[in-house]
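Shown next: protein26.csv, containing CSV, C-alpha atoms and all ligand atoms.
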chain,number,residue,atom,x,y,z
Q,1369,MET,CA,7.4,13.5,-15.0
Q,1370,ARG,CA,6.2,16.5,-13.0
Q,1371,PRO,CA,5.5,15.7,-9.4
Q,1372,ASP,CA,1.8,16.6,-9.7
Q,1373,ASP,CA,1.3,14.3,-12.7
Q,1374,CYS,CA,-1.0,11.4,-12.1
Q,1375,TRP,CA,0.5,8.4,-13.7
Q,1376,LEU,CA,-2.2,5.8,-12.9
Q,1377,THR,CA,-5.9,6.4,-12.7
Q,1378,THR,CA,-9.0,4.4,-11.9
Q,1379,GLU,CA,-12.7,5.5,-12.0
Q,1380,ARG,CA,-12.5,7.4,-8.8
Q,1381,LEU,CA,-8.8,7.6,-7.9
Q,1382,ALA,CA,-5.4,8.7,-9.1
Q,1383,LEU,CA,-1.7,8.1,-8.1
Q,1384,ARG,CA,1.0,10.6,-8.2
Q,1385,ARG,CA,4.6,10.7,-6.9
Q,1386,MET,CA,5.1,12.2,-3.4
Q,1387,THR,CA,7.3,15.2,-2.8
Q,1388,TYR,CA,8.7,16.9,0.3
Q,1389,ASP,CA,5.6,19.1,0.2
Q,1390,ASP,CA,3.6,16.0,1.3
Q,1391,LEU,CA,5.4,15.8,4.6
Q,1392,ASP,CA,2.7,17.5,6.7
Q,1393,TRP,CA,-0.1,15.4,5.2
Q,1394,LEU,CA,1.9,12.2,5.8
Q,1395,ALA,CA,2.9,13.2,9.3
Q,1396,THR,CA,-0.8,13.8,10.1
Q,1397,LEU,CA,-1.6,10.4,8.7
Q,1398,TYR,CA,1.1,8.7,10.8
Q,1399,SER,CA,-0.1,10.5,13.9
Q,1400,ASP,CA,-3.4,8.7,13.9
Q,1401,GLU,CA,-3.5,5.7,16.2
Q,1402,GLU,CA,-6.1,3.8,14.3
Q,1403,VAL,CA,-4.5,4.2,10.9
Q,1404,THR,CA,-1.0,3.2,12.2
Q,1405,ARG,CA,-2.2,0.3,14.4
Q,1406,TYR,CA,-1.0,-2.2,11.8
Q,1407,LEU,CA,1.5,0.1,10.1
Q,1408,GLY,CA,4.2,-0.2,12.7
Q,1409,GLY,CA,2.7,2.3,15.1
Q,1410,LEU,CA,2.8,6.1,15.4
Q,1411,LYS,CA,5.7,8.0,13.8
Q,1412,THR,CA,7.1,11.3,14.8
Q,1413,CYS,CA,7.5,14.0,12.1
Q,1414,ASP,CA,11.2,13.3,12.0
Q,1415,GLN,CA,10.5,9.6,11.4
Q,1416,VAL,CA,8.1,10.4,8.7
Q,1417,GLU,CA,10.6,12.7,7.1
Q,1418,ASP,CA,13.2,10.0,7.1
Q,1419,MET,CA,10.7,7.5,5.6
Q,1420,LEU,CA,9.8,10.1,2.9
Q,1421,ARG,CA,13.4,10.5,2.0
Q,1422,THR,CA,14.6,6.9,2.0
Q,1423,ARG,CA,11.5,4.8,1.2
Q,1424,VAL,CA,9.8,7.2,-1.1
Q,1425,ILE,CA,11.7,10.0,-2.8
Q,1426,ASP,CA,15.2,8.5,-3.1
Q,1427,TYR,CA,13.5,5.1,-3.8
Q,1428,TYR,CA,11.9,6.3,-7.1
Q,1429,ASP,CA,15.2,6.7,-8.9
Q,1430,ALA,CA,16.9,3.7,-7.2
Q,1431,ASN,CA,14.0,1.4,-8.1
Q,1432,PRO,CA,12.4,2.5,-11.4
Q,1433,GLY,CA,8.7,1.6,-11.6
Q,1434,LEU,CA,8.4,0.9,-7.9
Q,1435,GLY,CA,7.5,3.1,-5.1
Q,1436,MET,CA,5.0,4.5,-2.6
Q,1437,TRP,CA,2.6,7.0,-4.2
Q,1438,MET,CA,0.0,9.5,-3.0
Q,1439,THR,CA,-3.5,8.3,-3.7
Q,1440,LEU,CA,-5.8,11.1,-4.7
Q,1441,ASP,CA,-9.6,11.5,-5.1
Q,1442,ARG,CA,-9.7,12.3,-8.8
Q,1443,ALA,CA,-12.6,14.7,-8.4
Q,1444,THR,CA,-11.0,17.0,-5.9
Q,1445,LYS,CA,-7.3,16.0,-6.3
Q,1446,ALA,CA,-7.2,15.8,-2.5
Q,1447,PRO,CA,-5.0,13.1,-0.9
Q,1448,ILE,CA,-6.8,10.2,0.7
Q,1449,GLY,CA,-3.8,7.9,1.5
Q,1450,PHE,CA,-1.1,5.9,-0.2
Q,1451,HIS,CA,-0.6,2.8,-2.3
Q,1452,LEU,CA,2.8,1.1,-2.8
Q,1453,ILE,CA,4.7,-1.5,-4.6
Q,1454,ASN,CA,8.1,-1.9,-3.1
Q,1455,ASN,CA,10.5,-4.4,-1.5
Q,1456,ILE,CA,9.7,-5.7,2.0
Q,1457,GLN,CA,12.4,-4.0,4.1
Q,1458,GLY,CA,15.5,-6.3,4.4
Q,1459,GLU,CA,14.2,-8.6,1.6
Q,1460,THR,CA,14.1,-8.6,-2.2
Q,1461,ILE,CA,10.4,-9.7,-2.2
Q,1462,ILE,CA,8.1,-7.2,-3.8
Q,1463,GLN,CA,4.9,-6.4,-2.0
Q,1464,ILE,CA,1.8,-4.4,-2.6
Q,1465,GLY,CA,0.4,-2.2,0.2
Q,1466,TYR,CA,-1.9,0.7,1.1
Q,1467,GLY,CA,-3.0,2.9,3.9
Q,1468,LEU,CA,-5.8,5.4,3.9
Q,1469,ALA,CA,-7.0,8.3,6.1
Q,1470,LYS,CA,-10.0,7.3,8.1
Q,1471,PRO,CA,-12.6,9.3,6.2
Q,1472,ALA,CA,-11.7,7.3,3.1
Q,1473,TRP,CA,-12.3,3.8,4.7
Q,1474,GLY,CA,-15.2,1.6,3.7
Q,1475,ARG,CA,-15.7,2.9,0.2
Q,1476,GLY,CA,-13.7,0.3,-1.8
Q,1477,TYR,CA,-10.9,2.7,-2.4
Q,1478,ALA,CA,-8.0,0.5,-1.2
Q,1479,THR,CA,-9.2,-2.4,-3.5
Q,1480,GLU,CA,-9.9,-0.1,-6.5
Q,1481,MET,CA,-6.4,1.3,-6.7
Q,1482,ALA,CA,-4.6,-1.9,-5.6
Q,1483,SER,CA,-6.3,-3.8,-8.4
Q,1484,ALA,CA,-5.0,-1.3,-10.9
Q,1485,LEU,CA,-1.5,-1.6,-9.4
Q,1486,MET,CA,-1.6,-5.4,-9.7
Q,1487,ARG,CA,-2.3,-5.0,-13.4
Q,1488,TYR,CA,0.5,-2.4,-13.7
Q,1489,ALA,CA,3.0,-4.7,-11.8
Q,1490,PHE,CA,2.2,-7.7,-14.0
Q,1491,GLU,CA,1.6,-6.2,-17.4
Q,1492,ASP,CA,3.9,-3.2,-17.4
Q,1493,LEU,CA,6.7,-4.1,-14.9
Q,1494,LYS,CA,6.5,-7.8,-15.8
Q,1495,LEU,CA,7.0,-8.8,-12.2
Q,1496,PRO,CA,6.7,-12.6,-12.0
Q,1497,ARG,CA,4.8,-12.5,-8.6
Q,1498,LEU,CA,3.6,-10.1,-6.0
Q,1499,ALA,CA,3.3,-10.5,-2.2
Q,1500,GLY,CA,1.1,-8.9,0.4
Q,1501,MET,CA,1.1,-9.1,4.1
Q,1502,ALA,CA,-1.1,-7.9,7.0
Q,1503,SER,CA,-1.2,-8.3,10.7
Q,1504,LEU,CA,-3.3,-11.2,11.8
Q,1505,PRO,CA,-6.1,-9.0,13.3
Q,1506,ASN,CA,-6.1,-6.7,10.3
Q,1507,VAL,CA,-9.0,-8.4,8.7
Q,1508,ALA,CA,-9.9,-5.4,6.4
Q,1509,SER,CA,-6.4,-5.4,4.8
Q,1510,GLN,CA,-6.5,-9.2,4.4
Q,1511,ARG,CA,-9.8,-8.9,2.7
Q,1512,VAL,CA,-8.4,-6.3,0.3
Q,1513,LEU,CA,-5.5,-8.6,-0.5
Q,1514,GLU,CA,-7.9,-11.4,-1.3
Q,1515,LYS,CA,-10.2,-9.2,-3.4
Q,1516,ILE,CA,-7.4,-8.1,-5.6
Q,1517,GLY,CA,-6.5,-11.7,-6.4
Q,1518,LEU,CA,-3.7,-12.7,-4.0
Q,1519,GLU,CA,-3.8,-16.1,-2.3
Q,1520,ARG,CA,-3.4,-16.6,1.4
Q,1521,ARG,CA,-0.3,-18.8,1.9
Q,1522,GLY,CA,0.0,-19.1,5.7
Q,1523,GLU,CA,2.0,-16.8,7.9
Q,1524,ARG,CA,5.5,-15.3,7.7
Q,1525,SER,CA,7.8,-13.3,9.9
Q,1526,PHE,CA,10.6,-11.0,8.9
Q,1527,PRO,CA,13.5,-9.8,11.1
Q,1528,HIS,CA,13.4,-6.2,10.0
Q,1529,PRO,CA,12.3,-4.0,13.0
Q,1530,ALA,CA,9.5,-2.5,10.9
Q,1531,TYR,CA,7.7,-5.9,11.0
Q,1532,ALA,CA,9.3,-7.9,13.9
Q,1533,ALA,CA,7.3,-6.5,16.8
Q,1534,GLY,CA,3.9,-7.6,15.8
Q,1535,GLY,CA,4.7,-11.3,15.5
Q,1536,PRO,CA,3.8,-13.5,12.4
Q,1537,LEU,CA,1.9,-11.8,9.6
Q,1538,ALA,CA,-0.8,-13.2,7.3
Q,1539,TRP,CA,1.1,-13.9,4.1
Q,1540,PHE,CA,-0.4,-13.6,0.6
Q,1541,GLU,CA,1.2,-14.2,-2.8
Q,1542,ARG,CA,0.2,-14.6,-6.5
Q,1543,GLU,CA,2.1,-15.4,-9.6
Q,1544,ALA,CA,1.6,-13.2,-12.7
Q,1545,ASP,CA,0.6,-16.0,-15.1
Q,1546,ALA,CA,-2.2,-17.3,-12.9
Q,1547,TRP,CA,-3.5,-13.8,-12.1
Q,1548,LEU,CA,-3.5,-12.6,-15.7
Q,1549,ALA,CA,-5.1,-15.9,-16.9
Q,1550,GLU,CA,-8.1,-15.2,-14.6
Q,1551,ARG,CA,-8.7,-11.7,-16.0
F,1,LIG,C1,-7.1,-1.6,5.4
F,1,LIG,C2,-7.6,-0.4,4.6
F,1,LIG,C3,-6.6,0.0,3.6
F,1,LIG,C4,-8.9,-0.8,3.9
F,1,LIG,O1,-9.3,0.2,3.0
F,1,LIG,P1,-10.8,0.3,2.4
F,1,LIG,O2,-10.8,1.3,1.3
F,1,LIG,O3,-11.8,0.6,3.5
F,1,LIG,O4,-10.9,-1.2,1.9
F,1,LIG,P2,-12.1,-1.7,0.9
F,1,LIG,O5,-13.3,-0.9,1.1
F,1,LIG,O6,-11.5,-1.7,-0.5
F,1,LIG,O7,-12.2,-3.2,1.3
F,1,LIG,C5,-12.3,-3.5,2.7
F,1,LIG,C6,-12.9,-4.9,2.8
F,1,LIG,O8,-12.7,-5.4,4.2
F,1,LIG,C7,-14.0,-5.6,4.8
F,1,LIG,N1,-13.8,-5.2,6.2
F,1,LIG,C8,-13.6,-4.0,6.7
F,1,LIG,N2,-13.4,-4.0,8.0
F,1,LIG,C9,-13.6,-5.3,8.4
F,1,LIG,C10,-13.6,-6.0,9.6
F,1,LIG,N3,-13.4,-5.4,10.7
F,1,LIG,N4,-13.9,-7.4,9.6
F,1,LIG,C11,-14.1,-8.0,8.4
F,1,LIG,N5,-14.1,-7.4,7.2
F,1,LIG,C12,-13.8,-6.1,7.2
F,1,LIG,C13,-14.9,-4.7,4.0
F,1,LIG,O9,-16.3,-5.2,4.2
F,1,LIG,C14,-14.4,-4.9,2.6
F,1,LIG,O10,-14.7,-6.2,2.1
F,1,LIG,P3,-16.0,-6.4,1.2
F,1,LIG,O11,-15.8,-5.6,-0.1
F,1,LIG,O12,-16.0,-7.9,0.9
F,1,LIG,O13,-17.2,-6.0,1.9
F,1,LIG,C15,-8.0,0.8,5.5
F,1,LIG,O14,-8.8,0.4,6.6
F,1,LIG,C16,-6.7,1.4,6.2
F,1,LIG,O15,-6.1,2.3,5.6
F,1,LIG,N6,-6.4,1.0,7.4
F,1,LIG,C17,-5.2,1.5,8.1
F,1,LIG,C18,-3.9,1.2,7.4
F,1,LIG,C19,-3.7,-0.3,7.2
F,1,LIG,O16,-4.0,-1.1,8.0
F,1,LIG,N7,-3.1,-0.6,6.0
F,1,LIG,C20,-2.8,-2.0,5.7
F,1,LIG,C21,-1.6,-2.5,6.3
F,1,LIG,S1,-1.2,-4.2,5.9
Let me see whether you can do it: turn the structure in this file into structure tokens.
Amino acid sequence: MRPDDCWLTTERLALRRMTYDDLDWLATLYSDEEVTRYLGGLKTCDQVEDMLRTRVIDYYDANPGLGMWMTLDRATKAPIGFHLINNIQGETIIQIGYGLAKPAWGRGYATEMASALMRYAFEDLKLPRLAGMASLPNVASQRVLEKIGLERRGERSFPHPAYAAGGPLAWFEREADAWLAER
């Protein structure tokens, strides 16, 4: 697959693999206080580069089918943010997640692509279940997780430093059989 190939599309959006050419765009995203408030806080360019190597680019080959992808506006091919299906750090549990640049908020984009990723995870990857988590005050993200068909199942905490500082997280899960039966 060429890096600029879009492998998943919805009506308005597309996903493609990230490359090292995306470093500047990602570093700008992670330098926005509002965007990163519930994403573990601001990251320096070096921290973003490390994440891009370990959690994105090396991760594709080590975990076929999973990853963190650039989310594009299909009409312009411009990046608007990211969507992911990957393991919660330090755990084997597979989660769905997303983060968008501020101009893209409030248009249903997070939900639109996360719904398509749920179907891909259950139908193509045959994952038995998916999890989602969000900081307790991050109501918009919790709403997205509900809208794509995950169920709120209390709160969970994880010891990995990426999640530990913010305290317990709103925890969501859904089994493939139940999700597919509804659709
Ligand atoms: C969370 C985020 C991805 C949502 O993206 P989005 O494209 O605006 O989300 P959608 O438009 O698909 O849906 C958002 C839903 O939350 C609701 N919402 C938004 N802000 C809200 C708030 N402050 N209180 C209550 N509901 C809120 C919207 O009304 C919408 O629900 P509705 O369709 O029932 O009206 C985006 O705000 C973001 O990137 N935030 C920063 C990164 C982040 O927090 N990522 C998630 C980490 S767990």
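With all atoms listed in the file as the atoms that count, the residue of Q:Thr1378, Q:Gln1457, Q:Thr1479, Q:Gln1463 with the shortest distance to Trp1539 (chain Q) is Q:Gln1463.
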Give the residues close to ligand LIG 1 (chain F), within 6 Å, counting only C-alpha atoms and all ligand atoms; write them as a list of chain:residue names. Q:Val1403, Q:Thr1404, Q:Tyr1406, Q:Leu1407, Q:Tyr1466, Q:Gly1467, Q:Leu1468, Q:Trp1473, Q:Gly1474, Q:Arg1475, Q:Gly1476, Q:Tyr1477, Q:Ala1478, Q:Thr1479, Q:Met1501, Q:Ala1502, Q:Val1507, Q:Ala1508, Q:Ser1509, Q:Arg1511, Q:Val1512
Taking all atoms listed in the file into account, which of Q:Leu1394, Q:Ala1484, Q:Ala1382, Q:Leu1498 comes nearest Asp1545 (chain Q)?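 Closest to Asp1545 (chain Q) of all the choices is Q:Leu1498.
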CA of Pro1496 (chain Q) to CA of Met1436 (chain Q), straight-line distance in Å: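 Between CA of Met1436 (chain Q) and CA of Pro1496 (chain Q) the gap works out to 19.6 Å.
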Non-local contacts of Leu1548 (chain Q) (12 Å; all atoms listed in the file; under 6 positions in same chain excluded) as a ChimeraX atom specification: /Q:1483,1486-1491,1494-1497,1516-1518,1542
Calculate how many Å separate CA of Ala1544 (chain Q) from CA of Ile1461 (chain Q), rounding to one decimal. 14.1 Å
What's around Asp1441 (chain Q) at 8 Å? Count all atoms listed in the file, leave out sequence neighbours fewer than 4 positions away in its own chain, and write the answer as a ChimeraX atom specification. /Q:1380-1382,1445-1448
